[in-house]
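**Student:** One structure follows; several queries about it will come next.
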Amino acid sequence: MKYESRIMEAKWQKKWEEAHIFEAQDDFSKKKFYALVEFPYPSGSGMHVGHIKAYSGMEVISRKRRMEGYNVLFPIGFDAYGLPTENYAIKTGIHPRAVTDKNIERFTEQLKRVGFSFDWSRVIDTTEEGYYKWTQWIFLQMFEKGLAFRDTTLVNYCPSCKVVLSNEDSQGGKCDICKSDVIQKAKDVWYLRITEYADKLLEGLEEVDYLPNVKLQQRNWVGKSTGAFVNFSLKGCDEKLRIYTTRPDTLFGVTFMVIAPEHPLIEKYSQSIANMDALTAYKDECAKKTEFERTQLVKEKTGVRIEGISAINPLNGKEIPIYISDYVMMGYGTGAIMAVPAHDERDYDFAKKFGIDIIPVIKGGNIEEGAYTGDGEMINSSFLDGMTNKKDSIARVIAFLEEKGIGEGGVQYKMKDWAFNRQRYWGEPIPVVYCDDCGMVAVPYEELPLRLPPMQDFKPGEGGESPLASLESFVNCACPKCGKKARRETDTMPQWAGSSWYFLRYIDPHNTDALADKEKLNYWMPVDWYNGGMEHVTRHMIYSRFWHKFLYDIGAVPCAEPYAKRTAQGLILGTDGEKMSKSRGNVVDPNLVVDEYGADVLRLYILFMGEYEKAAPWSENGVKGCKRFLERVAALTDIMTNGEGKLTTSTHKLIKKVSSDIEAMKFNTAIAAMMGYLNEVSEAGTISKDELLIFVRLLCPFAPHIAEEMWETLGMKGFCSMAEWPVHDEAKTVDSTVEMAVQINGKLRATIVLPLNADREAALAAAKAESRVASALEGKSIVKEIVVPNRIVNIVVR
RNA sequence: GCGGGUGUGGUGGAACGGCAGACACGCUGGUCUUAGGAACCAGUUCGCAAGAGUGUGGGUUCAAAUCCCACCACCCGCACCA
């Protein structure tokens, strides 16, 4: 048989589609397997090979599961709301709807050409009404429960995209879309109260099987810390200054306090402050700094003392100064800290620069040299003196604070609530109405979906408001509660809304009465195995776990965690070893590879190029190698014999190796083993039909088109894709003879061939009979003889 | 700074503490061809050799790429989080 990719691929892709073999059945009596990959954003540039790699892992596993008899759900869809499409539409004047449809069509065609075994009957599109109706439904559920709310705070704002961004969307102080510097701006925005789920998000990690670094990154992102809130009395005004600290045990060492430059205290008591000019000047200076300057470059502490107001240490009554400094952030804790220079490096630096007292309260350090952050005996601390256990001291202080009513234990999270609205057109409209009398009113459920109205001009407004704000017919409406004239919310949801629950919709994509049928959810959830990119770990993964946990709490889904297992693929780099990007011009188009070499070759090479979880550079020559392999595989039908096979042991070893490697996502070594087997067959010059049928089935998840073609050529009925996965016989994986290494003092001197499980004496005798061994032993005395059966003989001589 | 990871031929990469370099690329030589940027065959860690060899230096062990300690380099997160 010859390897003719074009003919085979067209033929089998058509047959698969006509037979619907990859469509999941809602047959609850079968054992199920739900495999999930991150659905693509259908960008204008089409797919690149990175997409193919991202899907190839679960593709192989799904195909293997089907052959093992599982009812497999392996769906695909499109996460189609988002800024790039809208920006493209603004530039070209083509409506985002049209652009999206065209892009989805192109992506679909590309995916199909690779021969992925997706269930195409369940495709979803987050911008489709039947889908976003339920995105809005979930939002309203959250709104009802107080988890969706409006608040005026400092938010991340991208001046270039003219949108508010969530913390997750502005990691590193850069806009996720255009990479420009994000600024902090006070704005009245929608939030989802994800912080209320912070503990649940942490606890849930205990019960799931995620890659360790995925769990770690999520834990860090949530960033839970435990400590205490303390209220310091102020001299000069009658308010308390509330701070958060993780080290209340060092309270006797507090010699000053620091508040963030934006702290409201300053404005509020400007009358009592003698140096407002200096404070305002400092504040302005800080506001001008970019995130980068503030966090990366600044080593030297800066700040200004507030004249006219000071604080009282609640434990010892000492009067201490208050400073403003940008090393304290308004966004974390209370925006104010108690400074303990003896035991905190930042406070130490600040105290040194401003000549503030440094009082040690824990034995062990040297305040001339620096802050001591270790443990030790408490000193200078009144009732804490002599205590040596940090935990006990902290508990003691918190008990004291609570008793006296000057503070209490508490926790803080780095994670912030999810800034949820975008001043953009191409997103799900937020289904809320503003009524002068009734305030914020939810759009009634029966009116969902609240449709995104068609518009001609969807450029953002001059004042940074959503394009929808200019559409009177959309904005003006009747209040659902009182019927009076009211106005609609005109902002839309962020891109991450649709993807926060899409895995649920695949289970029942056409349901009009619920986001998915309960019975079906019971059967299919949770997702058994989810593979995707590391870049989504602190964003999509966190968001979707949050939504899912909320849905679980309101009884809409049957399990607390959506994903039982999570793995991640590494990037495909350009041939230059750099990340693929349009600007570098090193992007590889999968279509061209399919055209020239075939889909099976592309699939095989992507999984063979290196460890699945690691980044690896593209190599055209590597692709050719995989093509050669498939050509040689196709030719096996020419040398096949009908008799007894001679490769029993190798065949069973191969079944074992390929089966276990697939489970461990070690696709590269699974393929290498198949290549090795082929080399062995070539050397033997023969393969039996039974052996070839096994080989073809093992190859099928990787290169399904050629596998099907060979299956048919060998006279088999049905699809190879649905054939039974071979099972190895452990007894048959063992050779009757073994080659053992013989070492003298740990150095290899010879190899011997012995029957399996030969005893110690036989092994030693055979070893000593080797001439190189004998000559090495000559004139030496044997100190020790080690024999590890079937492995090694090591003779220690002197 | 903190946390995590990775260092193996010319290249991508294999190796339950037990024969380092599987598999593939590339390269060299050959066969076949009008031709070869096709296909096939042989060779290919370095070194003429003794021997050496898995980032560096120690250690444990009969035996270390693998385990332990210190260091170096690179990559990825987080980053003045109180």
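Letters A, B, ... mark the chains of the structure tokens in the order given; residue numbers begin at 1 per chain; ligand numbers begin at 1, in order shown.
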Please find the residues of chain B near chain A - the criterion being any atom within 7 Å, counting only C-alpha atoms (C1' of nucleotides) - and write them as a PyMOL selection string.
**Tutor:** chain B and resi 4+12-13+18-19+23-25+62-63+80-82
**Student:** Using only N, CA and C atoms (P, O5', C5', C4', C3', O3' and C1' of nucleotides), please write the residues we just selected to a file, as a JSON list (two decimals), in the first residue's frame.
**Tutor:**
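Saved as part_36.json:
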```
[["chain", "number", "residue", "atom", "x", "y", "z"],
["B", 4, "G", "P", 9.92, 26.25, 45.74],
["B", 4, "G", "O5'", 9.54, 26.00, 44.22],
["B", 4, "G", "C5'", 8.29, 25.40, 43.89],
["B", 4, "G", "C4'", 8.08, 25.45, 42.40],
["B", 4, "G", "C3'", 9.09, 24.68, 41.56],
["B", 4, "G", "O3'", 8.87, 23.28, 41.58],
["B", 4, "G", "C1'", 8.70, 26.78, 40.57],
["B", 12, "G", "P", 18.72, 21.11, 20.94],
["B", 12, "G", "O5'", 17.42, 20.31, 20.51],
["B", 12, "G", "C5'", 16.36, 21.00, 19.86],
["B", 12, "G", "C4'", 15.22, 20.04, 19.61],
["B", 12, "G", "C3'", 14.78, 19.25, 20.83],
["B", 12, "G", "O3'", 13.95, 20.03, 21.67],
["B", 12, "G", "C1'", 14.98, 17.79, 18.98],
["B", 13, "G", "P", 13.85, 19.70, 23.21],
["B", 13, "G", "O5'", 13.29, 18.22, 23.14],
["B", 13, "G", "C5'", 13.56, 17.27, 24.17],
["B", 13, "G", "C4'", 13.46, 15.91, 23.55],
["B", 13, "G", "C3'", 13.67, 14.76, 24.51],
["B", 13, "G", "O3'", 12.40, 14.35, 24.99],
["B", 13, "G", "C1'", 15.16, 14.54, 22.70],
["B", 18, "G", "P", 18.35, 2.45, 37.40],
["B", 18, "G", "O5'", 19.57, 1.51, 37.01],
["B", 18, "G", "C5'", 20.81, 2.11, 36.64],
["B", 18, "G", "C4'", 21.73, 1.04, 36.11],
["B", 18, "G", "C3'", 21.05, 0.02, 35.21],
["B", 18, "G", "O3'", 22.00, -0.39, 34.24],
["B", 18, "G", "C1'", 21.92, -1.07, 37.11],
["B", 19, "C", "P", 22.07, 0.35, 32.86],
["B", 19, "C", "O5'", 23.25, -0.49, 32.23],
["B", 19, "C", "C5'", 24.58, -0.38, 32.75],
["B", 19, "C", "C4'", 25.53, -0.34, 31.58],
["B", 19, "C", "C3'", 25.22, 0.75, 30.56],
["B", 19, "C", "O3'", 26.43, 1.21, 30.00],
["B", 19, "C", "C1'", 25.07, -1.33, 29.52],
["B", 23, "C", "P", 16.96, 3.27, 17.94],
["B", 23, "C", "O5'", 15.79, 4.33, 17.72],
["B", 23, "C", "C5'", 14.43, 3.94, 17.78],
["B", 23, "C", "C4'", 13.55, 5.16, 17.67],
["B", 23, "C", "C3'", 13.90, 6.11, 16.53],
["B", 23, "C", "O3'", 13.38, 5.66, 15.29],
["B", 23, "C", "C1'", 13.61, 7.36, 18.49],
["B", 24, "A", "P", 14.21, 5.92, 13.95],
["B", 24, "A", "O5'", 14.17, 7.51, 13.81],
["B", 24, "A", "C5'", 12.97, 8.14, 13.41],
["B", 24, "A", "C4'", 13.07, 9.63, 13.61],
["B", 24, "A", "C3'", 14.10, 10.37, 12.79],
["B", 24, "A", "O3'", 13.70, 10.54, 11.44],
["B", 24, "A", "C1'", 14.14, 11.18, 14.99],
["B", 25, "C", "P", 14.83, 10.70, 10.32],
["B", 25, "C", "O5'", 15.37, 12.18, 10.58],
["B", 25, "C", "C5'", 14.50, 13.29, 10.41],
["B", 25, "C", "C4'", 15.17, 14.54, 10.91],
["B", 25, "C", "C3'", 16.44, 14.95, 10.19],
["B", 25, "C", "O3'", 16.17, 15.60, 8.97],
["B", 25, "C", "C1'", 16.77, 15.14, 12.51],
["B", 62, "C", "P", 28.82, 0.14, 49.30],
["B", 62, "C", "O5'", 29.24, -0.21, 47.80],
["B", 62, "C", "C5'", 30.57, -0.66, 47.55],
["B", 62, "C", "C4'", 30.65, -1.13, 46.11],
["B", 62, "C", "C3'", 30.10, -0.16, 45.09],
["B", 62, "C", "O3'", 31.06, 0.82, 44.73],
["B", 62, "C", "C1'", 29.24, -2.31, 44.66],
["B", 63, "A", "P", 30.61, 2.31, 44.55],
["B", 63, "A", "O5'", 29.63, 2.23, 43.30],
["B", 63, "A", "C5'", 30.16, 1.92, 42.02],
["B", 63, "A", "C4'", 29.05, 1.81, 41.02],
["B", 63, "A", "C3'", 28.13, 3.02, 40.95],
["B", 63, "A", "O3'", 28.69, 4.02, 40.13],
["B", 63, "A", "C1'", 26.85, 1.05, 41.01],
["B", 80, "C", "P", 4.91, 44.82, 44.23],
["B", 80, "C", "O5'", 5.46, 44.99, 45.71],
["B", 80, "C", "C5'", 6.55, 44.20, 46.17],
["B", 80, "C", "C4'", 6.92, 44.65, 47.57],
["B", 80, "C", "C3'", 5.71, 44.97, 48.44],
["B", 80, "C", "O3'", 5.92, 44.51, 49.77],
["B", 80, "C", "C1'", 7.13, 46.85, 48.26],
["B", 81, "C", "P", 5.73, 42.95, 50.09],
["B", 81, "C", "O5'", 4.14, 42.83, 50.12],
["B", 81, "C", "C5'", 3.39, 43.22, 51.28],
["B", 81, "C", "C4'", 2.17, 42.34, 51.40],
["B", 81, "C", "C3'", 2.48, 40.89, 50.99],
["B", 81, "C", "O3'", 2.41, 39.95, 52.04],
["B", 81, "C", "C1'", 0.74, 41.84, 49.61],
["B", 82, "A", "P", 1.56, 39.69, 53.13],
["B", 82, "A", "O5'", 2.20, 40.66, 54.20],
["B", 82, "A", "C5'", 1.38, 41.19, 55.20],
["B", 82, "A", "C4'", 2.08, 42.36, 55.82],
["B", 82, "A", "C3'", 1.22, 43.17, 56.79],
["B", 82, "A", "O3'", 1.27, 42.61, 58.09],
["B", 82, "A", "C1'", 2.16, 44.64, 55.23]]
```
**Student:** Give the answer as one residue: which of A:Leu111, A:Ala497, A:Ala228, A:Ile572 has the shortest atom-to-atom distance to A:Ala80, using only C-alpha atoms?
**Tutor:**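 Once distances to A:Ala80 are computed over only C-alpha atoms, the minimum belongs to A:Ala497.
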**Student:** Can you tell me, as a list in words, what residues are no more than 12 Å from A:Cys438 when counting only C-alpha atoms (C1' of nucleotides), ignoring any on the same chain fewer than 3 positions away?
**Tutor:** Val432, Val433, Tyr434, Cys435, Val441, Ala442, Ala478, Cys479, Pro480, Lys481, Cys482, Gly483, Lys484, Lys485, Ala486 and Arg487 of chain A
**Student:** May I ask which of the residues B:A35, B:A42, B:A52, B:U66 is the closest one to B:C16, counting only C-alpha atoms (C1' of nucleotides)?
**Tutor:**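 Ranked by minimum distance to B:C16, first place goes to B:U66.
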**Student:** Name all residues at most 6 Å from stretch 415-428 of chain A (count only C-alpha atoms (C1' of nucleotides); drop same-chain ones fewer than 3 positions away) and give them as a list in words.
**Tutor:** Tyr81, Val163, Ser166, Trp190, Tyr191, Leu192, Arg193, Ile194, Thr195, Val222, Glu465, Ser466, Pro467, Asp491, Thr492, Met493 and Pro494 of chain A
**Student:** Please save C-alpha atoms of the selected residues as a short mmCIF file (atom, residue, chain, number, x, y, z; two decimals), in the first residue's frame.
**Tutor:**
```cif
data_model
loop_
_atom_site.label_atom_id
_atom_site.label_comp_id
_atom_site.auth_asym_id
_atom_site.auth_seq_id
_atom_site.Cartn_x
_atom_site.Cartn_y
_atom_site.Cartn_z
CA TYR A 81 -16.90 37.47 21.82
CA VAL A 163 -11.85 49.73 28.74
CA SER A 166 -9.94 43.02 35.68
CA TRP A 190 -19.63 46.12 37.89
CA TYR A 191 -17.94 43.54 40.04
CA LEU A 192 -18.45 39.85 40.57
CA ARG A 193 -17.72 38.96 44.17
CA ILE A 194 -15.17 36.25 43.43
CA THR A 195 -13.43 37.00 46.73
CA VAL A 222 -5.71 33.81 45.54
CA GLU A 465 -18.97 54.83 27.15
CA SER A 466 -20.16 51.72 25.37
CA PRO A 467 -21.29 52.07 21.73
CA ASP A 491 -21.86 47.92 29.03
CA THR A 492 -21.24 44.35 28.03
CA MET A 493 -19.59 41.40 29.74
CA PRO A 494 -15.89 40.61 29.36
#
```
**Student:** So that I can see what lies close to stretch 715-719 of chain A, please list as JSON, numbers by chain the residues with an atom at most 10 Å from it, counting only C-alpha atoms (C1' of nucleotides) and leaving out residues fewer than 4 positions away in the same chain.
**Tutor:** {"A": [12, 15, 16, 19, 21, 693, 704, 707, 708, 709, 710, 711, 723]}
**Student:** With all heavy atoms retained, export the selected residues as a CSV table (one decimal), in the first residue's frame.
**Tutor:**
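Generated output (part00.csv):
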```csv
chain,number,residue,atom,x,y,z
A,12,TRP,N,-11.8,9.2,4.6
A,12,TRP,CA,-12.2,8.8,5.9
A,12,TRP,C,-12.9,9.9,6.7
A,12,TRP,O,-13.7,9.6,7.5
A,12,TRP,CB,-11.0,8.2,6.7
A,12,TRP,CG,-10.6,6.9,6.0
A,12,TRP,CD1,-9.5,6.6,5.2
A,12,TRP,CD2,-11.3,5.7,6.2
A,12,TRP,NE1,-9.5,5.3,4.8
A,12,TRP,CE2,-10.6,4.7,5.4
A,12,TRP,CE3,-12.4,5.3,6.9
A,12,TRP,CZ2,-11.1,3.4,5.2
A,12,TRP,CZ3,-12.9,4.0,6.8
A,12,TRP,CH2,-12.2,3.0,6.0
A,15,LYS,N,-16.3,9.5,5.7
A,15,LYS,CA,-17.0,8.3,6.3
A,15,LYS,C,-17.3,8.5,7.8
A,15,LYS,O,-18.3,8.1,8.2
A,15,LYS,CB,-16.1,7.1,6.1
A,15,LYS,CG,-16.0,6.6,4.7
A,15,LYS,CD,-15.5,5.2,4.6
A,15,LYS,CE,-15.5,4.7,3.2
A,15,LYS,NZ,-15.7,3.2,3.1
A,16,TRP,N,-16.3,9.1,8.5
A,16,TRP,CA,-16.6,9.3,9.9
A,16,TRP,C,-17.8,10.2,10.1
A,16,TRP,O,-18.6,10.0,11.0
A,16,TRP,CB,-15.4,10.0,10.6
A,16,TRP,CG,-14.1,9.2,10.6
A,16,TRP,CD1,-14.1,7.9,10.7
A,16,TRP,CD2,-12.8,9.7,10.6
A,16,TRP,NE1,-12.7,7.4,10.8
A,16,TRP,CE2,-11.9,8.5,10.7
A,16,TRP,CE3,-12.2,10.9,10.5
A,16,TRP,CZ2,-10.5,8.6,10.7
A,16,TRP,CZ3,-10.8,11.0,10.6
A,16,TRP,CH2,-10.0,9.9,10.7
A,19,ALA,N,-21.1,8.4,9.4
A,19,ALA,CA,-21.4,7.4,10.3
A,19,ALA,C,-21.6,8.0,11.7
A,19,ALA,O,-22.1,7.2,12.6
A,19,ALA,CB,-20.3,6.3,10.3
A,21,ILE,N,-19.7,8.6,14.1
A,21,ILE,CA,-19.1,7.7,15.1
A,21,ILE,C,-18.5,8.5,16.3
A,21,ILE,O,-18.3,7.9,17.3
A,21,ILE,CB,-18.0,6.8,14.5
A,21,ILE,CG1,-16.9,7.5,13.8
A,21,ILE,CG2,-18.7,5.7,13.6
A,21,ILE,CD1,-15.8,6.7,13.4
A,693,LEU,N,-2.3,-5.9,12.5
A,693,LEU,CA,-3.6,-5.4,13.0
A,693,LEU,C,-3.5,-4.7,14.4
A,693,LEU,O,-4.1,-3.7,14.7
A,693,LEU,CB,-4.7,-6.5,13.0
A,693,LEU,CG,-5.2,-6.9,11.6
A,693,LEU,CD1,-6.1,-8.1,11.8
A,693,LEU,CD2,-6.0,-5.7,11.0
A,704,PRO,N,-5.0,8.5,12.4
A,704,PRO,CA,-6.2,7.7,12.2
A,704,PRO,C,-6.5,7.5,10.7
A,704,PRO,O,-7.1,6.4,10.4
A,704,PRO,CB,-7.3,8.6,12.8
A,704,PRO,CG,-6.8,10.0,12.8
A,704,PRO,CD,-5.3,9.9,13.0
A,707,ALA,N,-4.5,4.6,9.5
A,707,ALA,CA,-4.9,3.4,10.2
A,707,ALA,C,-6.2,2.9,9.6
A,707,ALA,O,-6.3,1.6,9.4
A,707,ALA,CB,-5.1,3.8,11.7
A,708,GLU,N,-7.1,3.7,9.4
A,708,GLU,CA,-8.4,3.3,8.8
A,708,GLU,C,-8.2,2.6,7.4
A,708,GLU,O,-8.7,1.6,7.1
A,708,GLU,CB,-9.4,4.5,8.6
A,708,GLU,CG,-9.9,5.1,9.9
A,708,GLU,CD,-10.9,4.2,10.6
A,708,GLU,OE1,-11.2,3.1,10.2
A,708,GLU,OE2,-11.5,4.8,11.6
A,709,GLU,N,-7.3,3.3,6.6
A,709,GLU,CA,-7.1,2.8,5.3
A,709,GLU,C,-6.4,1.4,5.3
A,709,GLU,O,-6.8,0.5,4.6
A,709,GLU,CB,-6.1,3.7,4.5
A,709,GLU,CG,-5.9,3.5,3.1
A,709,GLU,CD,-7.2,3.7,2.2
A,709,GLU,OE1,-8.1,4.5,2.6
A,709,GLU,OE2,-7.3,3.0,1.2
A,710,MET,N,-5.5,1.2,6.2
A,710,MET,CA,-4.8,-0.1,6.4
A,710,MET,C,-5.8,-1.2,6.9
A,710,MET,O,-5.8,-2.3,6.5
A,710,MET,CB,-3.6,0.0,7.2
A,710,MET,CG,-2.5,0.8,6.6
A,710,MET,SD,-1.0,1.0,7.6
A,710,MET,CE,-0.3,-0.6,7.5
A,711,TRP,N,-6.6,-0.7,7.9
A,711,TRP,CA,-7.6,-1.6,8.4
A,711,TRP,C,-8.5,-2.2,7.3
A,711,TRP,O,-8.8,-3.4,7.3
A,711,TRP,CB,-8.4,-0.8,9.4
A,711,TRP,CG,-9.4,-1.5,10.3
A,711,TRP,CD1,-10.8,-1.5,10.3
A,711,TRP,CD2,-9.1,-2.3,11.5
A,711,TRP,NE1,-11.3,-2.2,11.3
A,711,TRP,CE2,-10.3,-2.8,12.0
A,711,TRP,CE3,-7.9,-2.8,12.1
A,711,TRP,CZ2,-10.4,-3.6,13.1
A,711,TRP,CZ3,-7.9,-3.6,13.2
A,711,TRP,CH2,-9.2,-4.0,13.7
A,723,ALA,N,-12.4,0.1,16.7
A,723,ALA,CA,-12.0,-1.3,17.0
A,723,ALA,C,-11.5,-1.3,18.5
A,723,ALA,O,-11.2,-0.3,19.1
A,723,ALA,CB,-10.9,-1.6,16.0
```
**Student:** Got a sec to tell me which of stretch 1-216 of chain A DSSP assigns to helix (DSSP H, G or I), as number ranges by chain?
**Tutor:** A: 5-19, 49-67, 83-92, 96-114, 120-122, 129-144, 168-173, 194-207, 212-216
**Student:** Any chance you can output those residues with C-alpha atoms as a short mmCIF file (atom, residue, chain, number, x, y, z; two decimals), in the first residue's frame?
**Tutor:**
```cif
data_model
loop_
_atom_site.label_atom_id
_atom_site.label_comp_id
_atom_site.auth_asym_id
_atom_site.auth_seq_id
_atom_site.Cartn_x
_atom_site.Cartn_y
_atom_site.Cartn_z
CA SER A 5 -2.58 11.47 2.34
CA ARG A 6 -5.02 13.48 0.25
CA ILE A 7 -7.09 10.54 -0.88
CA MET A 8 -7.14 8.79 2.49
CA GLU A 9 -7.97 11.90 4.45
CA ALA A 10 -10.87 13.04 2.30
CA LYS A 11 -12.23 9.51 2.21
CA TRP A 12 -12.17 8.77 5.91
CA GLN A 13 -13.17 12.19 7.12
CA LYS A 14 -16.29 11.84 5.01
CA LYS A 15 -16.99 8.32 6.28
CA TRP A 16 -16.58 9.35 9.91
CA GLU A 17 -18.94 12.22 9.44
CA GLU A 18 -21.56 10.13 7.69
CA ALA A 19 -21.42 7.40 10.32
CA VAL A 49 0.10 24.81 14.80
CA GLY A 50 -0.11 25.70 18.49
CA HIS A 51 -3.87 25.12 18.36
CA ILE A 52 -3.24 21.72 16.81
CA LYS A 53 -0.85 20.78 19.59
CA ALA A 54 -3.30 21.97 22.23
CA TYR A 55 -5.99 19.64 20.89
CA SER A 56 -3.80 16.70 19.88
CA GLY A 57 -3.22 15.47 23.42
CA MET A 58 -6.88 15.00 24.32
CA GLU A 59 -7.52 13.82 20.78
CA VAL A 60 -5.24 10.83 21.24
CA ILE A 61 -6.63 10.11 24.70
CA SER A 62 -10.24 10.41 23.48
CA ARG A 63 -9.60 8.08 20.59
CA LYS A 64 -7.98 5.54 22.87
CA ARG A 65 -10.92 5.76 25.29
CA ARG A 66 -13.42 5.09 22.51
CA MET A 67 -11.44 2.02 21.49
CA LEU A 83 -11.99 42.80 21.40
CA PRO A 84 -9.84 41.76 18.42
CA THR A 85 -12.94 41.04 16.35
CA GLU A 86 -14.50 44.34 17.38
CA ASN A 87 -11.33 46.28 16.64
CA TYR A 88 -11.09 44.60 13.25
CA ALA A 89 -14.70 45.50 12.60
CA ILE A 90 -14.05 49.14 13.52
CA LYS A 91 -11.08 49.24 11.18
CA THR A 92 -12.75 47.59 8.20
CA PRO A 96 -18.38 41.68 14.03
CA ARG A 97 -21.16 39.17 13.41
CA ALA A 98 -20.04 38.70 9.82
CA VAL A 99 -16.38 38.59 10.81
CA THR A 100 -17.08 36.02 13.50
CA ASP A 101 -19.11 33.79 11.21
CA LYS A 102 -16.41 33.86 8.60
CA ASN A 103 -13.67 33.08 11.12
CA ILE A 104 -15.64 30.23 12.66
CA GLU A 105 -16.14 28.78 9.23
CA ARG A 106 -12.45 28.93 8.55
CA PHE A 107 -11.49 27.42 11.91
CA THR A 108 -14.01 24.63 11.42
CA GLU A 109 -12.60 23.76 8.06
CA GLN A 110 -9.06 23.73 9.42
CA LEU A 111 -10.00 21.56 12.39
CA LYS A 112 -11.80 19.09 10.19
CA ARG A 113 -8.86 18.80 7.84
CA VAL A 114 -6.68 17.59 10.69
CA TRP A 120 -19.48 18.28 15.69
CA SER A 121 -23.12 17.89 16.60
CA ARG A 122 -22.49 19.82 19.83
CA GLU A 129 -28.44 33.86 21.32
CA GLY A 130 -29.30 30.40 22.57
CA TYR A 131 -25.95 30.35 24.32
CA TYR A 132 -25.59 33.82 25.78
CA LYS A 133 -29.12 33.67 27.09
CA TRP A 134 -27.69 31.35 29.73
CA THR A 135 -24.60 33.45 30.30
CA GLN A 136 -26.99 36.27 31.14
CA TRP A 137 -29.09 33.90 33.23
CA ILE A 138 -26.07 33.03 35.38
CA PHE A 139 -25.26 36.72 35.74
CA LEU A 140 -28.78 37.43 36.97
CA GLN A 141 -28.57 34.58 39.46
CA MET A 142 -25.43 36.21 40.80
CA PHE A 143 -27.09 39.60 40.79
CA GLU A 144 -29.96 38.20 42.85
CA GLU A 168 -6.53 39.01 35.77
CA ASP A 169 -6.62 40.92 32.50
CA SER A 170 -3.88 43.33 33.50
CA GLN A 171 -1.22 41.04 34.92
CA GLY A 172 2.14 42.74 35.18
CA GLY A 173 0.50 46.13 34.75
CA ILE A 194 -15.17 36.25 43.43
CA THR A 195 -13.43 37.00 46.73
CA GLU A 196 -16.36 35.42 48.52
CA TYR A 197 -15.29 32.16 46.89
CA ALA A 198 -11.59 32.58 47.68
CA ASP A 199 -11.58 29.93 50.38
CA LYS A 200 -13.65 27.54 48.34
CA LEU A 201 -11.30 28.00 45.40
CA LEU A 202 -8.39 27.11 47.66
CA GLU A 203 -10.07 24.19 49.38
CA GLY A 204 -11.30 22.74 46.11
CA LEU A 205 -7.72 22.32 44.94
CA GLU A 206 -7.31 19.57 47.53
CA GLU A 207 -9.71 17.28 45.73
CA PRO A 212 1.37 20.77 40.75
CA ASN A 213 2.40 24.10 39.26
CA VAL A 214 -1.18 24.77 38.19
CA LYS A 215 -2.33 24.37 41.78
CA LEU A 216 0.56 26.46 43.01
#
```
**Student:** Could you check how far atom CA of A:Pro264 sits from atom CA of A:Tyr157, in Å to one decimal?
**Tutor:**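 So the two atoms, atom CA of A:Pro264 and atom CA of A:Tyr157, lie 20.7 Å apart.
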